[in-house]
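Enquirer: Below are the structure tokens for one structure; questions will follow.
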Amino acid sequence: MKRVLVVAGALLLSVGAVIAQQDVVKQDQAVMKATGKALGGVLAPMFKGEKPYDQAAVDEALKQLGDTASKLPTMFPASSKGVKVEGDYSPSPKIWEDAAGFKSKISDFTAVVTEAKAKIKDAESLKATFPAIGKACGGCHETFRVKNS
Amino acid sequence: MLKRLLLLAVLAGVAGLGIFWWLTIPAVIAATSLPLYTPNLANGLTTFNAGGCSSCHAVPNQPDRLKLGGGLPIPSPFGTFNVPNISPDPNDGIGKWSEADFVTAVLKGTSPSGVHYFPAFPYASYEHAKLEDVRDLFAYLKTLAPVAGKARDHDVPFPFNIRRNVGVWKFLFMDGKPFMPDAGKSAQWNRGAYLVNSWGHCAECHSPRNFLGGIVDAQRFAGGPNPEGEGFVPNITQKRMSDWSAKDFAYFLESGMTPEGDTAGGSMARVIRNTSQLPAEDRAAMAEYLKSLPPVEGPPRPKKPEKS
């Protein structure tokens, strides 16, 4: 009986762990999607001149980017390595193999967002500062993200 | 009778070898065939950026994209190619090359010592480039800083390491034709078609390949499994990209950002580092051409991972 209990407990735990990992993945995807929305839905159209400059919307978008920057260091715990991911992208195993490199990409992004928050006051400063944000995104995606399909 | 049969077999073998030899002679462009020309350095720079030379030839893991010492390993189903040094270093790079050596390398895929390059060097696209552009590019490369150090040899196992066989590959998968503008299309479209199909060599990754490593022509630009390993290269025909305007394509080539706010990753991040340096009108031209690509169904995408 004891054995059955132990086995059942272990099974439950592992099921729980798998579910938790799936949750981590879902949360990660939600953060990235929100980040994309702030960039593609708000900042990029203003940068391109398709939408008028709107300080309140810019502040909100930058707040989202800051939020992402603060979450990134804990978004990819060692336990989520190798978890199968549904959707367009998977985290590359390099996130864990080259933890230092990954960390430096996060600090690049954080620095760029901090600078953007300090500098973007009008359409002009948005034009000057915005491209660096995209570069920081791409700089990390280049190595640490894999396209599924 | 048996003797005659044997003789026939030997003769057939010799003839076959002869044909193989003849078919696989590395093509060379002679210095004497190059007309007098004064290179245009500004166009050389544009060509350099359109060609994405630094995507592969820049020394990896350092920020200077003009440091062309090579060394990047490119994995493939045929082995690992180690990108050579194309800086003007006289010993390790192309410092001692003649202009004809360079033109031959880019347009024919043949080295100065008369050996076939592996088609990881995308000469099957570059062969459509204009001679003047190649000469401008050579002049531009000469202005860059020499970088010492040779890359490791390619790590390509038998039988792919027999360079002469690459001649057969070239016979099968190269048409040797220069880019022909389509008179029915605008100048901008033609410029885009030229950049995408020659220097831009977009199809090299964005097309499926057959078992010999040749591009499947009917599915050009329709994406496929990443030749460099994990993941999938997207279909860039209108099959998948109908939501994008020509402007979206142009902005993507400038910034790496999609209309959804996603950013290019993987090798495409390196490509963007080059296309972002192009004149805006060249990006607009590429965009117009890409937007015009008819929808083509690509190879099946990998199945979504099963729920665990």
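Chain labels follow the order of the structure tokens: the first chain is A, the next B, and so on; residue numbering restarts at 1 in every chain, and ligands are counted from 1 in their shown order.
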Write out as a PyMOL selection string all residues of region 55-200 of chain B that backbone DSSP assigns to strand (DSSP E).
Expert: chain B and resi 73-76+79-82
Enquirer: Output C-alpha atoms of each residue in that selection to a file, as a PDB file, in the first residue's frame.
Expert:
```
ATOM      1  CA  PRO B  73      30.730  27.071 -38.941  1.00  0.00           C
ATOM      2  CA  ILE B  74      27.708  26.392 -41.182  1.00  0.00           C
ATOM      3  CA  PRO B  75      26.195  22.975 -40.478  1.00  0.00           C
ATOM      4  CA  SER B  76      24.424  21.170 -43.328  1.00  0.00           C
ATOM      5  CA  GLY B  79      28.906  18.249 -43.360  1.00  0.00           C
ATOM      6  CA  THR B  80      30.049  21.436 -41.700  1.00  0.00           C
ATOM      7  CA  PHE B  81      31.410  24.270 -43.801  1.00  0.00           C
ATOM      8  CA  ASN B  82      33.793  26.710 -42.141  1.00  0.00           C
TER       9      ASN B  82
END
```
Enquirer: I'd like to know which residues of region 141-209 of chain B are alpha helix (DSSP H) (by DSSP, run on the backbone); could you write them as a ChimeraX atom specification?
Expert: /B:141-142,166-173,187-197
Enquirer: Please, could you write that set of residues out with N, CA and C atoms as a CSV table (one decimal), in the first residue's frame?
Expert:
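selection26.csv was written with the following content:
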```csv
chain,number,residue,atom,x,y,z
B,141,LEU,N,35.8,45.6,-51.1
B,141,LEU,CA,36.4,44.7,-50.1
B,141,LEU,C,37.9,45.0,-49.9
B,142,LYS,N,38.6,45.5,-50.9
B,142,LYS,CA,40.0,45.9,-50.8
B,142,LYS,C,40.2,47.0,-49.9
B,166,VAL,N,31.3,18.5,-57.3
B,166,VAL,CA,30.6,19.8,-57.3
B,166,VAL,C,30.3,20.3,-58.7
B,167,GLY,N,31.1,19.9,-59.6
B,167,GLY,CA,30.9,20.2,-61.0
B,167,GLY,C,29.6,19.7,-61.5
B,168,VAL,N,29.3,18.5,-61.1
B,168,VAL,CA,28.0,17.8,-61.5
B,168,VAL,C,26.8,18.6,-60.9
B,169,TRP,N,27.0,19.0,-59.6
B,169,TRP,CA,26.0,19.8,-58.9
B,169,TRP,C,25.7,21.1,-59.7
B,170,LYS,N,26.8,21.7,-60.1
B,170,LYS,CA,26.7,23.0,-60.9
B,170,LYS,C,26.0,22.8,-62.2
B,171,PHE,N,26.3,21.6,-62.8
B,171,PHE,CA,25.7,21.3,-64.1
B,171,PHE,C,24.2,21.2,-63.9
B,172,LEU,N,23.8,20.6,-62.8
B,172,LEU,CA,22.4,20.3,-62.6
B,172,LEU,C,21.6,21.5,-62.1
B,173,PHE,N,22.2,22.4,-61.3
B,173,PHE,CA,21.5,23.4,-60.6
B,173,PHE,C,21.8,24.8,-60.9
B,187,ALA,N,10.7,49.5,-63.4
B,187,ALA,CA,12.1,49.5,-63.1
B,187,ALA,C,12.4,49.1,-61.7
B,188,GLN,N,11.5,49.5,-60.8
B,188,GLN,CA,11.7,49.2,-59.4
B,188,GLN,C,11.5,47.7,-59.1
B,189,TRP,N,10.5,47.1,-59.8
B,189,TRP,CA,10.3,45.7,-59.6
B,189,TRP,C,11.5,44.9,-60.1
B,190,ASN,N,12.0,45.3,-61.3
B,190,ASN,CA,13.2,44.6,-61.9
B,190,ASN,C,14.4,44.8,-61.0
B,191,ARG,N,14.6,46.0,-60.4
B,191,ARG,CA,15.7,46.1,-59.4
B,191,ARG,C,15.5,45.2,-58.3
B,192,GLY,N,14.3,45.1,-57.8
B,192,GLY,CA,14.0,44.2,-56.7
B,192,GLY,C,14.2,42.7,-57.1
B,193,ALA,N,13.7,42.3,-58.2
B,193,ALA,CA,13.9,40.9,-58.7
B,193,ALA,C,15.4,40.6,-58.8
B,194,TYR,N,16.2,41.6,-59.3
B,194,TYR,CA,17.6,41.4,-59.4
B,194,TYR,C,18.3,41.2,-58.0
B,195,LEU,N,17.9,42.1,-57.1
B,195,LEU,CA,18.6,42.0,-55.8
B,195,LEU,C,18.2,40.8,-55.0
B,196,VAL,N,16.9,40.4,-55.1
B,196,VAL,CA,16.5,39.2,-54.4
B,196,VAL,C,17.1,37.9,-54.9
B,197,ASN,N,17.1,37.9,-56.3
B,197,ASN,CA,17.6,36.6,-56.9
B,197,ASN,C,19.1,36.5,-57.1
```
Enquirer: Using only C-alpha atoms, find the residues of chain B whose closest atom to chain A is at most 12 Å away, then write them as a ChimeraX atom specification.
Expert: /B:55,60-61,63,223-226,228-235,240,247-248,250-273,276,298-308
Enquirer: List the neighbours of Ala246 (chain B) out to 6 Å using only C-alpha atoms; skip same-chain residues closer than 5 positions along the sequence, and give me the result as a VMD selection string.
Expert: chain B and resid 287 to 288 291
Enquirer: Considering only C-alpha atoms, can you say which of B:Ala139, B:Ile29, B:Met286, B:Val14 comes closest to Ile94 (chain B)?
Expert: B:Ala139
Enquirer: Which polymer residues have any atom within 12 Å of an atom of Phe76 (chain A), counting only C-alpha atoms, with same-chain residues fewer than 4 positions away left out, as a ChimeraX atom specification?
Expert: /A:21-29,71-72,80-83,90-96,99,102-103,106,144-145
Enquirer: Would you mind exporting the chosen residues as a compact mmCIF listing (two decimals), in the first residue's frame, restricted to N, CA and C atoms?
Expert:
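Ended up saving to part_4.txt:
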```txt
# COMPACT_ATOMS: atom_id res chain seq x y z
N GLN A 21 5.14 23.41 -15.97
CA GLN A 21 6.02 23.83 -17.06
C GLN A 21 5.22 24.40 -18.22
N GLN A 22 4.08 23.74 -18.52
CA GLN A 22 3.23 24.24 -19.59
C GLN A 22 2.74 25.65 -19.25
N ASP A 23 2.45 25.86 -17.96
CA ASP A 23 2.00 27.19 -17.54
C ASP A 23 3.09 28.23 -17.75
N VAL A 24 4.33 27.82 -17.39
CA VAL A 24 5.46 28.73 -17.60
C VAL A 24 5.53 29.13 -19.07
N VAL A 25 5.41 28.11 -19.95
CA VAL A 25 5.49 28.38 -21.38
C VAL A 25 4.37 29.33 -21.81
N LYS A 26 3.15 29.07 -21.32
CA LYS A 26 2.02 29.92 -21.69
C LYS A 26 2.25 31.35 -21.25
N GLN A 27 2.77 31.49 -20.02
CA GLN A 27 3.04 32.84 -19.51
C GLN A 27 4.10 33.54 -20.36
N ASP A 28 5.16 32.76 -20.69
CA ASP A 28 6.23 33.33 -21.53
C ASP A 28 5.64 33.86 -22.83
N GLN A 29 4.79 33.02 -23.43
CA GLN A 29 4.22 33.42 -24.72
C GLN A 29 3.35 34.65 -24.58
N LYS A 71 10.77 40.73 -16.29
CA LYS A 71 10.37 39.31 -16.19
C LYS A 71 11.36 38.38 -16.85
N LEU A 72 12.06 38.86 -17.87
CA LEU A 72 12.92 37.98 -18.67
C LEU A 72 13.89 37.11 -17.86
N SER A 80 12.25 24.40 -17.39
CA SER A 80 11.49 24.44 -18.64
C SER A 80 12.35 24.08 -19.85
N LYS A 81 13.61 23.69 -19.60
CA LYS A 81 14.47 23.25 -20.70
C LYS A 81 13.91 21.99 -21.33
N GLY A 82 13.78 22.00 -22.64
CA GLY A 82 13.34 20.79 -23.34
C GLY A 82 11.84 20.56 -23.31
N VAL A 83 11.08 21.44 -22.67
CA VAL A 83 9.63 21.29 -22.67
C VAL A 83 9.11 21.55 -24.08
N SER A 90 10.18 28.13 -30.21
CA SER A 90 10.61 27.47 -28.98
C SER A 90 11.83 28.20 -28.45
N PRO A 91 12.01 28.15 -27.13
CA PRO A 91 13.28 28.67 -26.61
C PRO A 91 14.41 27.74 -27.06
N SER A 92 15.54 28.31 -27.47
CA SER A 92 16.68 27.48 -27.88
C SER A 92 17.35 26.91 -26.64
N PRO A 93 17.86 25.68 -26.73
CA PRO A 93 18.61 25.12 -25.60
C PRO A 93 19.80 25.99 -25.21
N LYS A 94 20.20 26.86 -26.13
CA LYS A 94 21.36 27.72 -25.83
C LYS A 94 21.08 28.64 -24.65
N ILE A 95 19.79 28.89 -24.35
CA ILE A 95 19.45 29.73 -23.20
C ILE A 95 20.12 29.18 -21.95
N TRP A 96 20.14 27.84 -21.84
CA TRP A 96 20.70 27.23 -20.63
C TRP A 96 22.16 26.85 -20.83
N ALA A 99 24.26 30.47 -20.50
CA ALA A 99 23.46 31.31 -19.60
C ALA A 99 24.02 32.74 -19.53
N PHE A 102 23.06 34.68 -22.63
CA PHE A 102 21.63 35.01 -22.58
C PHE A 102 21.40 36.19 -21.63
N LYS A 103 22.07 36.12 -20.48
CA LYS A 103 21.92 37.19 -19.49
C LYS A 103 22.36 38.54 -20.07
N ILE A 106 19.73 40.00 -22.19
CA ILE A 106 18.65 40.60 -21.40
C ILE A 106 19.07 41.97 -20.89
N PHE A 144 18.83 32.80 -29.41
CA PHE A 144 18.18 32.11 -28.30
C PHE A 144 16.72 31.72 -28.60
N ARG A 145 16.31 31.85 -29.84
CA ARG A 145 14.96 31.46 -30.20
C ARG A 145 15.01 30.58 -31.44
```
Enquirer: Report the distance between CA of Ala145 (chain B) and CA of Thr104 (chain B) in Å, rounded to one decimal place.
Expert: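 That distance, rounded to one decimal, is 22.7 Å.
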Enquirer: Can you tell me which residues surround region 49-53 of chain A at a distance of at most 7 Å, considering only C-alpha atoms, apart from same-chain residues fewer than 3 positions away, and format the answer as an mmCIF file with N, CA and C atoms, in the first residue's frame?
Expert:
```cif
data_model
loop_
_atom_site.group_PDB
_atom_site.id
_atom_site.type_symbol
_atom_site.label_atom_id
_atom_site.label_comp_id
_atom_site.auth_asym_id
_atom_site.auth_seq_id
_atom_site.Cartn_x
_atom_site.Cartn_y
_atom_site.Cartn_z
ATOM 1 N N PRO A 45 4.013 51.825 -35.639
ATOM 2 C CA PRO A 45 3.204 52.694 -36.503
ATOM 3 C C PRO A 45 3.492 54.182 -36.286
ATOM 4 N N MET A 46 3.780 54.570 -35.034
ATOM 5 C CA MET A 46 4.136 55.981 -34.795
ATOM 6 C C MET A 46 5.496 56.288 -35.383
ATOM 7 N N ASP A 122 8.836 62.877 -27.870
ATOM 8 C CA ASP A 122 8.059 63.341 -29.024
ATOM 9 C C ASP A 122 8.390 62.470 -30.241
ATOM 10 N N ALA A 123 7.757 62.778 -31.361
ATOM 11 C CA ALA A 123 7.939 61.964 -32.563
ATOM 12 C C ALA A 123 9.415 61.891 -32.958
#
```
Enquirer: Mind pulling up the distance from CA of Ala31 (chain B) to CA of Thr46 (chain B)?
Expert: 24.3 Å
Enquirer: Grab the CA of Asp136 (chain B) to CA of Pro39 (chain B) distance for me, in Å with one decimal place.
Expert: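 Interatomic distance, CA of Asp136 (chain B) to CA of Pro39 (chain B): 4.8 Å.
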Enquirer: Please determine, counting only C-alpha atoms, which residue among A:Asp54, A:Val31, A:Phe109, A:Arg3 has the shortest atom-to-atom distance to Thr68 (chain A).
Expert: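 Ranking A:Asp54, A:Val31, A:Phe109, A:Arg3 by distance to Thr68 (chain A), first place goes to A:Val31.
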